[in-house]
Amino acid sequence: MTAQRILNKKTFIKAEMDRRLLKEQSDVLWKSAAERLDGILKRYAALPKGVRSHTDTYIFPSAAIFLTLKEAVGAETAYSIVETAAIHLTNDYGKKLAKLMKLPGMPALFVKVFDPVSRCHFGPKNGFQNVFYPKEKGTYRMDVLACPYTRYFGELGCFELTQIFCGNDDRVYGNLPGLKFERHTTLGKGGDRCDFCIKRI
């Protein structure tokens, strides 16, 4: 997928840029971010498909936008723009998921399918190192010991963006009816793992 096509799916960040910056400046920086992203994609063209499902969709475009903004408006404003856009998007996801959880039987089904979904999208082939715990009725537990977000944000010089993606989990899963999401530490905040537990209540 080309850099421009990837950024076309990040209009929620562009909207926050337009809100915070002059439109002309925002447009110029958006174009520069596309050029930076193109360079990053070429640099990491040999990554496996599973890893690229995270890097090309989330990590690299966020890094390209942030680094471009950082050069123009400073690290604090750049971070705030990317974080605020992510907060708005994931809060919306969380509200939609919360409505779905109000349907009969959905919390139980949600916990049940988390194991195969996690293994498929957040397993070794996707660049993650995990501990998958034995199944418990009504509870799903997993630890992430290494992930592509910390690795590639770090390599690109913007490790701090990892914290935004750690926070996305809290916003999406933290207020679901009939479920409790528990997390005590994350790699992005200096922990030795990202612990993940979701259970029926």
# chains A, B, ... in the order shown; residues from 1 in each chain; ligands from 1
$ select_by_dssp --residues "region 7-186 of chain A" --states "strand (DSSP E or B)" --output "list in words"
Gln129, Asn130, Val131, Phe132, Glu136, Thr139, Tyr140, Arg141, Met142, Asp143, Val144, Leu145, Ala146, Leu179, Lys180, Phe181 and Glu182 of chain A
$ closest_atom_pairs --of "region 73-146 of chain A" --to "region 164-179 of chain A" --cutoff "7 Å" --atoms "only C-alpha atoms" --output "CSV"
residue,atom,partner,partner_atom,distance
A:Glu83,CA,A:Ile164,CA,6.0
A:Thr90,CA,A:Val172,CA,5.7
A:Asn91,CA,A:Arg171,CA,5.6
A:Tyr93,CA,A:Val172,CA,6.0
A:Gly94,CA,A:Val172,CA,4.0
A:Ala98,CA,A:Leu176,CA,4.8
A:Met101,CA,A:Pro177,CA,6.0
A:Lys102,CA,A:Pro177,CA,6.4
A:Pro107,CA,A:Gly178,CA,6.0
$ residues_around --residues "region 39-48 of chain A" --least-positions-apart "5" --cutoff "12 Å" --atoms "only C-alpha atoms" --output "JSON, numbers by chain"
{"A": [1, 2, 3, 4, 6, 32, 33, 34, 53, 54, 55, 56, 57, 59, 60, 61, 62, 63, 64, 65, 67, 124, 125, 126, 127, 148, 152, 153, 155, 156]}
$ closest_atom_pairs --of "region 125-163 of chain A" --to "region 181-188 of chain A" --cutoff "8 Å" --atoms "only C-alpha atoms" --output "Markdown table"
| residue | atom | partner | partner_atom | distance |
| --- | --- | --- | --- | --- |
| A:Leu145 | CA | A:Leu187 | CA | 7.7 |
| A:Ala146 | CA | A:Leu187 | CA | 7.7 |
| A:Thr150 | CA | A:Gly188 | CA | 6.5 |
| A:Phe159 | CA | A:Gly188 | CA | 7.6 |
| A:Glu160 | CA | A:Gly188 | CA | 7.3 |
| A:Thr162 | CA | A:Gly188 | CA | 5.1 |
| A:Gln163 | CA | A:Gly188 | CA | 5.0 |
$ write_last_selection --atoms "all heavy atoms" --output "compact mmCIF listing (two decimals), in the first residue's frame"
# COMPACT_ATOMS: atom_id res chain seq x y z
N LEU A 145 5.40 -9.53 26.16
CA LEU A 145 6.76 -9.32 26.63
C LEU A 145 7.59 -8.48 25.66
O LEU A 145 8.60 -7.88 26.05
CB LEU A 145 7.46 -10.66 26.87
CG LEU A 145 6.72 -11.64 27.80
CD1 LEU A 145 7.54 -12.92 27.95
CD2 LEU A 145 6.45 -11.01 29.16
N ALA A 146 7.20 -8.49 24.40
CA ALA A 146 7.87 -7.67 23.37
C ALA A 146 6.86 -7.42 22.27
O ALA A 146 6.02 -8.27 21.98
CB ALA A 146 9.09 -8.39 22.82
N THR A 150 6.87 -0.98 20.51
CA THR A 150 8.05 -0.48 21.22
C THR A 150 9.29 -0.56 20.34
O THR A 150 10.13 0.34 20.35
CB THR A 150 8.28 -1.26 22.52
OG1 THR A 150 8.38 -2.67 22.22
CG2 THR A 150 7.14 -1.04 23.50
N PHE A 159 9.83 6.75 20.60
CA PHE A 159 9.34 5.71 21.51
C PHE A 159 8.13 6.18 22.31
O PHE A 159 7.26 5.38 22.67
CB PHE A 159 10.46 5.28 22.47
CG PHE A 159 10.07 4.18 23.41
CD1 PHE A 159 10.16 2.86 23.01
CD2 PHE A 159 9.60 4.46 24.69
CE1 PHE A 159 9.80 1.83 23.88
CE2 PHE A 159 9.22 3.46 25.55
CZ PHE A 159 9.33 2.12 25.15
N GLU A 160 8.06 7.47 22.58
CA GLU A 160 6.98 7.99 23.41
C GLU A 160 5.60 7.71 22.83
O GLU A 160 4.60 7.67 23.57
CB GLU A 160 7.16 9.50 23.65
CG GLU A 160 7.19 10.36 22.39
CD GLU A 160 8.58 10.61 21.86
OE1 GLU A 160 9.39 9.66 21.88
OE2 GLU A 160 8.86 11.74 21.42
N THR A 162 4.50 5.02 21.87
CA THR A 162 4.03 3.73 22.37
C THR A 162 2.97 3.92 23.44
O THR A 162 1.99 3.17 23.52
CB THR A 162 5.21 2.92 22.94
OG1 THR A 162 6.26 2.86 21.98
CG2 THR A 162 4.77 1.51 23.28
N GLN A 163 3.15 4.93 24.28
CA GLN A 163 2.21 5.16 25.38
C GLN A 163 0.80 5.47 24.87
O GLN A 163 -0.19 5.13 25.52
CB GLN A 163 2.70 6.30 26.27
CG GLN A 163 4.01 5.99 26.97
CD GLN A 163 4.41 7.07 27.95
OE1 GLN A 163 3.57 7.61 28.67
NE2 GLN A 163 5.68 7.41 28.00
$ closest_residue --among "A:Arg19, A:Arg52, A:Lys31, A:Lys199" --to "Phe122 (chain A)" --atoms "only C-alpha atoms"
A:Arg52
$ select_by_dssp --residues "chain A" --states "alpha helix (DSSP H)" --output "ChimeraX atom specification"
/A:3-7,11-20,23-43,49-54,60-73,75-101,106-121,148-155,161-173
$ atom_distance --atom1 "CA of Leu21 (chain A)" --atom2 "CA of Asp92 (chain A)"
23.4 Å
$ closest_residue --among "A:Phe128, A:Trp30, A:Tyr79, A:Tyr58" --to "Cys158 (chain A)" --atoms "only C-alpha atoms"
A:Tyr79
